[in-house]
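Asks: coords-v6.csv is reproduced below (CSV, C-alpha atoms and all ligand atoms).
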chain,number,residue,atom,x,y,z
A,1,MET,CA,1.8,21.9,5.6
A,2,LYS,CA,3.3,18.8,3.9
A,3,LYS,CA,1.3,17.5,0.9
A,4,VAL,CA,0.8,13.9,-0.3
A,5,ALA,CA,-1.0,12.8,-3.5
A,6,THR,CA,-2.5,9.4,-3.3
A,7,ILE,CA,-3.7,7.5,-6.4
A,8,GLN,CA,-6.1,4.6,-5.9
A,9,ASP,CA,-9.8,3.6,-6.2
A,10,ILE,CA,-12.8,4.6,-4.1
A,11,SER,CA,-14.5,1.5,-2.8
A,12,CYS,CA,-17.7,3.1,-1.4
A,13,ILE,CA,-18.0,0.4,1.2
A,14,GLY,CA,-15.1,-1.7,2.3
A,15,LYS,CA,-12.7,0.5,4.2
A,16,CYS,CA,-9.8,0.2,1.8
A,17,SER,CA,-7.8,2.3,-0.7
A,18,LEU,CA,-8.9,6.0,-0.6
A,19,THR,CA,-11.4,5.6,2.2
A,20,VAL,CA,-8.6,4.7,4.5
A,21,ALA,CA,-5.7,6.6,2.9
A,22,LEU,CA,-7.5,9.9,3.1
A,23,PRO,CA,-8.4,9.8,6.8
A,24,ILE,CA,-5.1,8.2,7.9
A,25,ILE,CA,-2.8,10.6,6.1
A,26,SER,CA,-5.0,13.6,7.1
A,27,ALA,CA,-4.9,12.4,10.7
A,28,ALA,CA,-1.1,12.5,10.4
A,29,GLY,CA,-1.5,16.3,9.8
A,30,ILE,CA,-0.7,16.2,6.1
A,31,GLU,CA,-2.7,17.7,3.2
A,32,THR,CA,-3.9,14.8,1.1
A,33,ALA,CA,-4.7,15.2,-2.6
A,34,ILE,CA,-6.5,12.2,-4.2
A,35,VAL,CA,-6.7,10.8,-7.7
A,36,PRO,CA,-9.6,8.3,-7.8
A,37,THR,CA,-8.8,5.6,-10.3
A,38,ALA,CA,-12.3,4.0,-10.2
A,39,VAL,CA,-15.4,4.0,-8.1
A,40,LEU,CA,-16.7,0.7,-6.9
A,41,SER,CA,-19.9,0.0,-4.9
A,42,THR,CA,-17.7,-2.2,-2.6
A,43,HIS,CA,-14.3,-3.7,-2.7
A,44,THR,CA,-13.9,-6.7,-5.0
A,45,GLN,CA,-14.3,-9.3,-2.3
A,46,PHE,CA,-18.0,-8.8,-2.5
A,47,LYS,CA,-20.0,-10.3,-5.3
A,48,GLY,CA,-21.8,-8.1,-7.8
A,49,PHE,CA,-19.8,-4.9,-7.2
A,50,THR,CA,-20.2,-2.0,-9.7
A,51,PHE,CA,-17.0,-0.6,-11.3
A,52,ARG,CA,-16.8,2.9,-12.9
A,53,ASP,CA,-13.4,3.2,-14.5
A,54,LEU,CA,-11.9,6.7,-14.2
A,55,THR,CA,-8.8,6.2,-16.4
A,56,ASP,CA,-10.1,8.9,-18.8
A,57,ASP,CA,-10.0,11.5,-15.9
A,58,MET,CA,-6.5,10.8,-14.8
A,59,GLU,CA,-4.6,12.6,-17.5
A,60,PRO,CA,-6.8,15.8,-17.4
A,61,ILE,CA,-6.5,15.9,-13.6
A,62,ARG,CA,-2.7,15.6,-14.0
A,63,ASP,CA,-2.6,18.3,-16.7
A,64,HIS,CA,-4.7,20.7,-14.6
A,65,TRP,CA,-2.4,20.2,-11.6
A,66,ILE,CA,0.7,20.8,-13.8
A,67,LYS,CA,-0.8,24.1,-14.9
A,68,GLU,CA,-1.5,25.0,-11.2
A,69,GLY,CA,2.1,24.2,-10.4
A,70,PHE,CA,1.4,21.6,-7.6
A,71,LYS,CA,4.2,19.5,-6.2
A,72,PHE,CA,4.0,16.9,-3.5
A,73,ASP,CA,6.3,15.6,-0.7
A,74,ALA,CA,5.2,12.1,-1.5
A,75,ILE,CA,3.1,10.3,-4.1
A,76,TYR,CA,1.6,7.1,-2.9
A,77,THR,CA,-0.2,4.6,-5.2
A,78,GLY,CA,-2.4,1.7,-4.3
A,79,TYR,CA,-5.0,-0.3,-6.2
A,80,LEU,CA,-4.8,0.5,-9.9
A,81,GLY,CA,-7.4,-0.8,-12.4
A,82,SER,CA,-5.4,-1.4,-15.5
A,83,ILE,CA,-2.0,-1.4,-17.2
A,84,LYS,CA,-2.9,1.9,-18.8
A,85,GLN,CA,-3.4,3.4,-15.3
A,86,ILE,CA,0.1,2.1,-14.3
A,87,GLU,CA,1.5,4.0,-17.2
A,88,ILE,CA,-0.3,7.2,-16.3
A,89,VAL,CA,0.9,6.9,-12.7
A,90,LYS,CA,4.5,6.9,-14.0
A,91,SER,CA,3.8,10.3,-15.6
A,92,TYR,CA,2.5,11.6,-12.2
A,93,PHE,CA,5.8,10.5,-10.7
A,94,LYS,CA,7.6,12.7,-13.2
A,95,ALA,CA,5.2,15.6,-13.3
A,96,PHE,CA,5.0,16.3,-9.5
A,97,ASP,CA,8.5,15.5,-8.3
A,98,ASN,CA,9.9,18.5,-6.3
A,99,GLY,CA,13.4,16.9,-6.4
A,100,SER,CA,12.9,15.0,-3.1
A,101,THR,CA,9.4,13.6,-3.6
A,102,PHE,CA,9.2,10.2,-2.0
A,103,LYS,CA,7.3,7.6,-4.1
A,104,VAL,CA,5.5,4.8,-2.4
A,105,VAL,CA,4.0,1.9,-4.4
A,106,ASP,CA,1.7,-0.6,-2.7
A,107,PRO,CA,1.0,-3.1,-5.5
A,108,ALA,CA,-2.4,-3.9,-4.1
A,109,MET,CA,-3.5,-6.7,-6.4
A,110,ALA,CA,-3.4,-10.1,-4.6
A,111,ASP,CA,-3.8,-12.0,-1.4
A,112,ASN,CA,-3.4,-15.6,-0.3
A,113,GLY,CA,-1.7,-16.4,-3.6
A,114,ASN,CA,-4.6,-15.2,-5.7
A,115,LEU,CA,-4.9,-12.0,-7.8
A,116,TYR,CA,-8.0,-10.0,-7.1
A,117,VAL,CA,-10.8,-10.3,-9.6
A,118,GLY,CA,-10.0,-8.5,-12.8
A,119,PHE,CA,-6.2,-8.8,-12.8
A,120,ASP,CA,-4.0,-11.2,-14.8
A,121,LYS,CA,-0.4,-12.3,-14.6
A,122,ASN,CA,0.6,-9.7,-17.1
A,123,PHE,CA,-0.7,-6.9,-14.9
A,124,ALA,CA,1.4,-8.3,-12.1
A,125,LEU,CA,4.5,-8.1,-14.2
A,126,GLU,CA,3.7,-4.5,-15.3
A,127,MET,CA,3.2,-3.6,-11.6
A,128,ALA,CA,6.8,-4.7,-11.0
A,129,GLY,CA,7.9,-2.0,-13.5
A,130,LEU,CA,6.0,0.6,-11.4
A,131,CYS,CA,7.7,-0.7,-8.2
A,132,ALA,CA,11.0,-0.1,-9.9
A,133,GLU,CA,10.2,3.6,-10.3
A,134,ALA,CA,9.3,4.0,-6.6
A,135,ASP,CA,11.6,4.8,-3.6
A,136,ILE,CA,9.8,2.0,-1.7
A,137,ALA,CA,7.5,-0.8,-2.7
A,138,LEU,CA,5.2,-2.5,-0.1
A,139,PRO,CA,4.0,-5.9,-1.5
A,140,ASN,CA,2.6,-8.7,0.5
A,141,ILE,CA,4.2,-12.1,-0.2
A,142,SER,CA,1.5,-13.0,-2.8
A,143,GLU,CA,2.2,-9.8,-4.7
A,144,ALA,CA,6.0,-10.2,-4.5
A,145,ALA,CA,5.8,-13.7,-5.9
A,146,LEU,CA,3.4,-12.7,-8.7
A,147,MET,CA,5.5,-9.8,-9.7
A,148,LEU,CA,8.4,-12.2,-10.1
A,149,GLY,CA,6.3,-14.8,-12.0
A,150,GLU,CA,7.0,-17.3,-9.2
A,151,ASP,CA,4.8,-19.8,-7.4
A,152,TYR,CA,3.2,-18.6,-4.2
A,153,PRO,CA,5.3,-19.7,-1.2
A,154,GLY,CA,2.5,-19.5,1.3
A,155,GLU,CA,1.7,-16.9,4.0
A,156,ASP,CA,4.1,-18.5,6.5
A,157,ALA,CA,7.1,-18.8,4.1
A,158,PRO,CA,10.4,-19.1,6.0
A,159,GLU,CA,12.4,-15.9,6.3
A,160,GLU,CA,15.0,-17.2,3.8
A,161,VAL,CA,12.3,-17.5,1.1
A,162,THR,CA,11.1,-14.0,1.8
A,163,LYS,CA,14.6,-12.6,1.6
A,164,ASP,CA,15.2,-14.4,-1.7
A,165,LEU,CA,12.1,-12.8,-3.1
A,166,LEU,CA,13.3,-9.4,-1.9
A,167,LYS,CA,16.7,-9.8,-3.6
A,168,LYS,CA,15.0,-10.9,-6.8
A,169,LEU,CA,12.8,-7.8,-6.7
A,170,ALA,CA,15.9,-5.7,-6.2
A,171,ASP,CA,17.4,-7.4,-9.2
A,172,LYS,CA,14.4,-6.2,-11.2
A,173,GLY,CA,15.3,-2.6,-10.2
A,174,VAL,CA,13.1,-2.2,-7.1
A,175,LYS,CA,15.3,0.0,-4.8
A,176,PHE,CA,13.7,-0.8,-1.5
A,177,PRO,CA,11.2,-3.7,-1.5
A,178,VAL,CA,9.5,-4.4,1.8
A,179,ILE,CA,7.3,-7.5,2.1
A,180,THR,CA,4.6,-6.9,4.6
A,181,GLY,CA,2.4,-9.3,6.6
A,182,VAL,CA,5.2,-11.9,7.1
A,183,THR,CA,5.6,-14.2,10.1
A,184,LEU,CA,9.2,-13.9,11.5
A,185,LYS,CA,11.3,-16.7,13.0
A,186,ASP,CA,10.3,-15.8,16.5
A,187,GLY,CA,6.6,-16.1,15.6
A,188,SER,CA,6.0,-12.3,15.6
A,189,PHE,CA,4.2,-10.6,12.6
A,190,GLY,CA,5.6,-7.7,10.6
A,191,PHE,CA,7.8,-7.0,7.7
A,192,ILE,CA,11.1,-7.8,6.1
A,193,GLY,CA,12.7,-5.2,3.8
A,194,TYR,CA,15.8,-5.0,1.7
A,195,ASP,CA,17.7,-1.7,1.1
A,196,ALA,CA,19.4,-2.5,-2.2
A,197,ALA,CA,21.7,0.5,-2.0
A,198,LYS,CA,23.1,-0.6,1.4
A,199,ASP,CA,22.7,-4.3,0.7
A,200,GLU,CA,21.0,-4.5,4.0
A,201,PHE,CA,17.9,-6.4,5.3
A,202,ILE,CA,15.7,-4.9,7.9
A,203,SER,CA,12.8,-6.5,9.8
A,204,TYR,CA,10.4,-5.9,12.6
A,205,GLY,CA,7.7,-8.0,14.2
A,206,THR,CA,4.8,-7.2,16.4
A,207,GLU,CA,2.0,-9.3,18.0
A,208,LYS,CA,0.4,-11.8,15.7
A,209,ILE,CA,-3.4,-11.8,16.0
A,210,PRO,CA,-5.3,-14.7,14.6
A,211,HIS,CA,-7.6,-12.6,12.5
A,212,LYS,CA,-7.3,-11.9,8.7
A,213,SER,CA,-9.1,-9.1,7.0
A,214,HIS,CA,-9.2,-7.0,3.9
A,215,GLY,CA,-7.7,-3.6,3.7
A,216,THR,CA,-4.9,-4.1,6.2
A,217,GLY,CA,-2.3,-3.6,3.5
A,218,ASP,CA,-3.8,-0.3,2.6
A,219,ILE,CA,-3.9,0.8,6.2
A,220,TYR,CA,-0.3,-0.2,6.5
A,221,ALA,CA,0.9,1.7,3.4
A,222,SER,CA,-1.1,4.8,4.4
A,223,ALA,CA,0.2,4.8,8.0
A,224,PHE,CA,3.7,4.3,6.6
A,225,THR,CA,3.4,7.3,4.2
A,226,GLY,CA,1.9,9.5,7.0
A,227,ALA,CA,4.8,8.7,9.4
A,228,LEU,CA,7.5,9.1,6.7
A,229,VAL,CA,6.2,12.5,5.6
A,230,ASN,CA,6.2,13.5,9.2
A,231,GLY,CA,10.0,13.1,9.2
A,232,LYS,CA,10.3,9.6,10.7
A,233,SER,CA,13.0,7.3,9.3
A,234,ILE,CA,12.0,4.6,6.9
A,235,PHE,CA,12.5,1.9,9.6
A,236,ASP,CA,10.5,3.8,12.2
A,237,SER,CA,7.7,4.5,9.7
A,238,LEU,CA,7.5,0.9,8.7
A,239,SER,CA,7.4,-0.1,12.4
A,240,ILE,CA,4.8,2.5,13.4
A,241,ALA,CA,2.7,1.2,10.5
A,242,ALA,CA,3.1,-2.4,11.7
A,243,ASP,CA,2.1,-1.5,15.3
A,244,TYR,CA,-0.9,0.6,14.2
A,245,THR,CA,-2.1,-2.1,11.7
A,246,ALA,CA,-1.8,-4.7,14.5
A,247,ALA,CA,-3.7,-2.4,16.8
A,248,CYS,CA,-6.5,-2.2,14.2
A,249,ILE,CA,-6.6,-6.0,13.8
A,250,ARG,CA,-6.6,-6.5,17.6
A,251,ASN,CA,-9.4,-4.0,18.1
A,252,THR,CA,-11.5,-5.8,15.4
A,253,TYR,CA,-10.7,-9.2,16.8
A,254,ASN,CA,-12.0,-8.2,20.2
A,255,ASP,CA,-15.1,-6.5,18.8
A,256,PRO,CA,-18.3,-8.6,19.0
A,257,ASP,CA,-20.0,-6.3,16.5
A,258,LYS,CA,-17.1,-6.5,13.9
A,259,VAL,CA,-17.8,-6.5,10.2
A,260,ASP,CA,-16.2,-9.3,8.2
A,261,TYR,CA,-15.0,-7.1,5.3
A,262,ALA,CA,-12.6,-4.7,7.0
A,263,VAL,CA,-10.9,-3.7,10.3
A,264,ASN,CA,-11.7,-1.0,12.9
A,265,PHE,CA,-9.0,1.4,11.7
A,266,GLU,CA,-10.9,4.5,12.9
A,267,LEU,CA,-10.9,3.5,16.6
A,268,GLU,CA,-7.1,3.2,16.6
A,269,LEU,CA,-6.3,6.6,14.9
A,270,PRO,CA,-5.6,8.2,18.4
A,271,TYR,CA,-2.9,5.5,18.9
A,272,TYR,CA,-1.4,6.2,15.5
A,273,ILE,CA,-1.3,9.9,16.1
A,274,SER,CA,0.3,9.4,19.5
A,275,ARG,CA,3.1,7.4,17.8
A,276,LEU,CA,3.8,10.3,15.5
A,277,GLY,CA,4.8,12.4,18.5
A,301,LIG,O1,-7.4,-3.5,-0.1
A,301,LIG,C1,-7.1,-3.6,-1.3
A,301,LIG,C2,-8.1,-3.3,-2.3
A,301,LIG,C3,-8.3,-2.1,-2.9
A,301,LIG,N1,-9.2,-1.8,-3.8
A,301,LIG,C4,-10.1,-2.7,-4.2
A,301,LIG,C5,-10.0,-4.0,-3.7
A,301,LIG,C6,-9.1,-4.3,-2.7
A,301,LIG,C7,-9.0,-5.6,-2.1
A,301,LIG,O2,-9.8,-6.5,-2.3
A,301,LIG,O3,-10.9,-4.9,-4.1
A,301,LIG,C8,-11.1,-2.3,-5.2
Would you mind writing the file out in structure tokens?
Ligand code: PXL

Replies:
Amino acid sequence: MKKVATIQDISCIGKCSLTVALPIISAAGIETAIVPTAVLSTHTQFKGFTFRDLTDDMEPIRDHWIKEGFKFDAIYTGYLGSIKQIEIVKSYFKAFDNGSTFKVVDPAMADNGNLYVGFDKNFALEMAGLCAEADIALPNISEAALMLGEDYPGEDAPEEVTKDLLKKLADKGVKFPVITGVTLKDGSFGFIGYDAAKDEFISYGTEKIPHKSHGTGDIYASAFTGALVNGKSIFDSLSIAADYTAACIRNTYNDPDKVDYAVNFELELPYYISRLG
């Protein structure tokens, strides 16, 4: 069985980070090892959340795994709690590389132009350094701008602006930046990526649903990782992730009993699995 290690927080309620990465990647038929970076009572969009920092456990977990000789087909990181955690994640990239380990960084730290509670501009710049050590980085447009120290261009920035951000991320050493959650020229909703080695842009759009929610970036990155480790190409994995995330948003939009803090990712897992073939 293929093996993925994913490093991000546990938000006990909120359907984000590990509570979506673990079920989605497992549903893709992949053994999923987890490194919890923190335990929060809810994600940070709620008021009054608790936060138990687990930085002190990250190095002992790494060292035990090294002794056991574990390696992974992919290492995928999401929400990280501090600059120290970013540094520790870099050591995971080195320690568990089997020679073809694919490194996915979702710099989950901002939305709508604003950093999540607890992060500052310096954290965003450090996150750009982690993206530069990955094979693919999956920021939304807020995160891309913040990593470059640039002003937020808005959710519906023209494609040219998104492409300019992608090139600038590549100039900072990011091999394959992909900006997710963008509106394309034809009004569809998806991603634009830039493969620096090939000097080539790629993009894909799916139905735009007028519903915004938390955790969709985490669902996207998890579904991408599951598809890629199943042998799909980068483009197909990005597109499957876009279609699955759109299905989750659509399902939630049509649900009269929906919660306002997350999407119904569970109900669309059969669709995701069907796309993996
Ligand atoms: O969905 C990203 C995310 C992950 N982890 C925590 C968060 C958020 C978004 O708000 O607060 C703790």

Asks: Kindly compile the residues surrounding ligand LIG 301 (chain A) within 6 Å, counting all atoms listed in the file, and format them as a list in words.

Replies: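 If we count all atoms listed in the file, the neighbours of ligand LIG 301 (chain A) turn out to be Asp9, Ser11, Cys16, Ser17, His43, Thr44, Gln45, Tyr79, Ala108, His214, Gly215 and Asp218 of chain A.
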
Asks: Which residues come within 9 Å of stretch 82-95 of chain A, counting only C-alpha atoms, excluding same-chain residues fewer than 6 positions away, as a ChimeraX atom specification?

Replies: /A:7,37,55,58-59,62-63,66,71,75,101,103,118-119,122-123,126-127,129-130,133-134

Asks: Residues of the last selection are to be written out with C-alpha atoms, as an mmCIF file, keeping the file's coordinate frame.

Replies:
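File produced: out.cif:
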data_model
loop_
_atom_site.group_PDB
_atom_site.id
_atom_site.type_symbol
_atom_site.label_atom_id
_atom_site.label_comp_id
_atom_site.auth_asym_id
_atom_site.auth_seq_id
_atom_site.Cartn_x
_atom_site.Cartn_y
_atom_site.Cartn_z
ATOM 1 C CA ILE A 7 -3.700 7.500 -6.400
ATOM 2 C CA THR A 37 -8.800 5.600 -10.300
ATOM 3 C CA THR A 55 -8.800 6.200 -16.400
ATOM 4 C CA MET A 58 -6.500 10.800 -14.800
ATOM 5 C CA GLU A 59 -4.600 12.600 -17.500
ATOM 6 C CA ARG A 62 -2.700 15.600 -14.000
ATOM 7 C CA ASP A 63 -2.600 18.300 -16.700
ATOM 8 C CA ILE A 66 0.700 20.800 -13.800
ATOM 9 C CA LYS A 71 4.200 19.500 -6.200
ATOM 10 C CA ILE A 75 3.100 10.300 -4.100
ATOM 11 C CA THR A 101 9.400 13.600 -3.600
ATOM 12 C CA LYS A 103 7.300 7.600 -4.100
ATOM 13 C CA GLY A 118 -10.000 -8.500 -12.800
ATOM 14 C CA PHE A 119 -6.200 -8.800 -12.800
ATOM 15 C CA ASN A 122 0.600 -9.700 -17.100
ATOM 16 C CA PHE A 123 -0.700 -6.900 -14.900
ATOM 17 C CA GLU A 126 3.700 -4.500 -15.300
ATOM 18 C CA MET A 127 3.200 -3.600 -11.600
ATOM 19 C CA GLY A 129 7.900 -2.000 -13.500
ATOM 20 C CA LEU A 130 6.000 0.600 -11.400
ATOM 21 C CA GLU A 133 10.200 3.600 -10.300
ATOM 22 C CA ALA A 134 9.300 4.000 -6.600
#

Asks: Env of A:Met147: 12 Å cut, atoms = only C-alpha atoms, seq-sep filter 5 positions within chain, self excluded. Answer as a count of residues only.

Replies: 33

Asks: Nearest to A:Ser274 among A:Ala33, A:Gly190, A:Ala27, A:Leu238, with distances taken over all atoms listed in the file: which residue is it?

Replies: A:Ala27

Asks: Could you state the separation of atom CA of A:Cys248 and atom CA of A:Leu267 in Å, given to one decimal place?

Replies: 7.6 Å

Asks: What is the distance between atom CA of A:Lys208 and atom CA of A:Ser222, in Å to one decimal?

Replies: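 Between atom CA of A:Lys208 and atom CA of A:Ser222 the gap works out to 20.1 Å.
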
Asks: Could you tell me which of A:Asp57, A:Asp164, A:Asp106, A:Glu159 comes closest to A:Ala21 if we count only C-alpha atoms?

Replies: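 Smallest separation from A:Ala21 among the options: A:Asp106.
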
Asks: Let me make sure I understand: among A:Thr19, A:Ser26, A:Thr216, A:Ser203, which one has the smallest atom-to-atom distance to A:Ile249 if we use only C-alpha atoms?

Replies: A:Thr216

Asks: Env of A:Glu160: 12 Å cut, atoms = all atoms listed in the file, seq-sep filter 3 positions within chain, self excluded. Answer as a PDB file with C-alpha atoms, keeping the file's coordinate frame.

Replies:
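File written: out-v4.pdb
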ATOM      1  CA  PRO A 153       5.300 -19.700  -1.200  1.00  0.00           C
ATOM      2  CA  ASP A 156       4.100 -18.500   6.500  1.00  0.00           C
ATOM      3  CA  ALA A 157       7.100 -18.800   4.100  1.00  0.00           C
ATOM      4  CA  LYS A 163      14.600 -12.600   1.600  1.00  0.00           C
ATOM      5  CA  ASP A 164      15.200 -14.400  -1.700  1.00  0.00           C
ATOM      6  CA  LEU A 165      12.100 -12.800  -3.100  1.00  0.00           C
ATOM      7  CA  LEU A 166      13.300  -9.400  -1.900  1.00  0.00           C
ATOM      8  CA  LYS A 167      16.700  -9.800  -3.600  1.00  0.00           C
ATOM      9  CA  VAL A 182       5.200 -11.900   7.100  1.00  0.00           C
ATOM     10  CA  THR A 183       5.600 -14.200  10.100  1.00  0.00           C
ATOM     11  CA  LEU A 184       9.200 -13.900  11.500  1.00  0.00           C
ATOM     12  CA  LYS A 185      11.300 -16.700  13.000  1.00  0.00           C
ATOM     13  CA  ILE A 192      11.100  -7.800   6.100  1.00  0.00           C
ATOM     14  CA  PHE A 201      17.900  -6.400   5.300  1.00  0.00           C
TER      15      PHE A 201
END

Asks: Smallest atom-to-atom distance to A:Gly154: which of A:Asn112, A:Gly226, A:Glu200, A:Gly217, using only C-alpha atoms?

Replies: A:Asn112

Asks: Just the number, please: distance in Å from atom CA of A:Val39 to atom CA of A:Tyr272, one decimal.

Replies: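 Value for the atom CA of A:Val39-atom CA of A:Tyr272 distance: 27.5 Å.
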
Asks: Kindly provide, as number ranges by chain, the polymer residues lying within 12 Å of (5.7, 1.2, 10.1), counting only C-alpha atoms and using the coordinates exactly as they appear in the file.

Replies: A: 138, 178-181, 190-193, 202-206, 217, 219-228, 232-246, 272, 275-276

Asks: Using the selection just defined, write its residues with C-alpha atoms as a PDB file, in the coordinates of the input.

Replies:
ATOM      1  CA  LEU A 138       5.200  -2.500  -0.100  1.00  0.00           C
ATOM      2  CA  VAL A 178       9.500  -4.400   1.800  1.00  0.00           C
ATOM      3  CA  ILE A 179       7.300  -7.500   2.100  1.00  0.00           C
ATOM      4  CA  THR A 180       4.600  -6.900   4.600  1.00  0.00           C
ATOM      5  CA  GLY A 181       2.400  -9.300   6.600  1.00  0.00           C
ATOM      6  CA  GLY A 190       5.600  -7.700  10.600  1.00  0.00           C
ATOM      7  CA  PHE A 191       7.800  -7.000   7.700  1.00  0.00           C
ATOM      8  CA  ILE A 192      11.100  -7.800   6.100  1.00  0.00           C
ATOM      9  CA  GLY A 193      12.700  -5.200   3.800  1.00  0.00           C
ATOM     10  CA  ILE A 202      15.700  -4.900   7.900  1.00  0.00           C
ATOM     11  CA  SER A 203      12.800  -6.500   9.800  1.00  0.00           C
ATOM     12  CA  TYR A 204      10.400  -5.900  12.600  1.00  0.00           C
ATOM     13  CA  GLY A 205       7.700  -8.000  14.200  1.00  0.00           C
ATOM     14  CA  THR A 206       4.800  -7.200  16.400  1.00  0.00           C
ATOM     15  CA  GLY A 217      -2.300  -3.600   3.500  1.00  0.00           C
ATOM     16  CA  ILE A 219      -3.900   0.800   6.200  1.00  0.00           C
ATOM     17  CA  TYR A 220      -0.300  -0.200   6.500  1.00  0.00           C
ATOM     18  CA  ALA A 221       0.900   1.700   3.400  1.00  0.00           C
ATOM     19  CA  SER A 222      -1.100   4.800   4.400  1.00  0.00           C
ATOM     20  CA  ALA A 223       0.200   4.800   8.000  1.00  0.00           C
ATOM     21  CA  PHE A 224       3.700   4.300   6.600  1.00  0.00           C
ATOM     22  CA  THR A 225       3.400   7.300   4.200  1.00  0.00           C
ATOM     23  CA  GLY A 226       1.900   9.500   7.000  1.00  0.00           C
ATOM     24  CA  ALA A 227       4.800   8.700   9.400  1.00  0.00           C
ATOM     25  CA  LEU A 228       7.500   9.100   6.700  1.00  0.00           C
ATOM     26  CA  LYS A 232      10.300   9.600  10.700  1.00  0.00           C
ATOM     27  CA  SER A 233      13.000   7.300   9.300  1.00  0.00           C
ATOM     28  CA  ILE A 234      12.000   4.600   6.900  1.00  0.00           C
ATOM     29  CA  PHE A 235      12.500   1.900   9.600  1.00  0.00           C
ATOM     30  CA  ASP A 236      10.500   3.800  12.200  1.00  0.00           C
ATOM     31  CA  SER A 237       7.700   4.500   9.700  1.00  0.00           C
ATOM     32  CA  LEU A 238       7.500   0.900   8.700  1.00  0.00           C
ATOM     33  CA  SER A 239       7.400  -0.100  12.400  1.00  0.00           C
ATOM     34  CA  ILE A 240       4.800   2.500  13.400  1.00  0.00           C
ATOM     35  CA  ALA A 241       2.700   1.200  10.500  1.00  0.00           C
ATOM     36  CA  ALA A 242       3.100  -2.400  11.700  1.00  0.00           C
ATOM     37  CA  ASP A 243       2.100  -1.500  15.300  1.00  0.00           C
ATOM     38  CA  TYR A 244      -0.900   0.600  14.200  1.00  0.00           C
ATOM     39  CA  THR A 245      -2.100  -2.100  11.700  1.00  0.00           C
ATOM     40  CA  ALA A 246      -1.800  -4.700  14.500  1.00  0.00           C
ATOM     41  CA  TYR A 272      -1.400   6.200  15.500  1.00  0.00           C
ATOM     42  CA  ARG A 275       3.100   7.400  17.800  1.00  0.00           C
ATOM     43  CA  LEU A 276       3.800  10.300  15.500  1.00  0.00           C
TER      44      LEU A 276
END

Asks: Of the candidates A:Gly99, A:Ile136, A:Phe46, A:Pro210, which one gets nearest to A:Ser188 if we count all atoms listed in the file?

Replies: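 The closest residue to A:Ser188 is A:Pro210.
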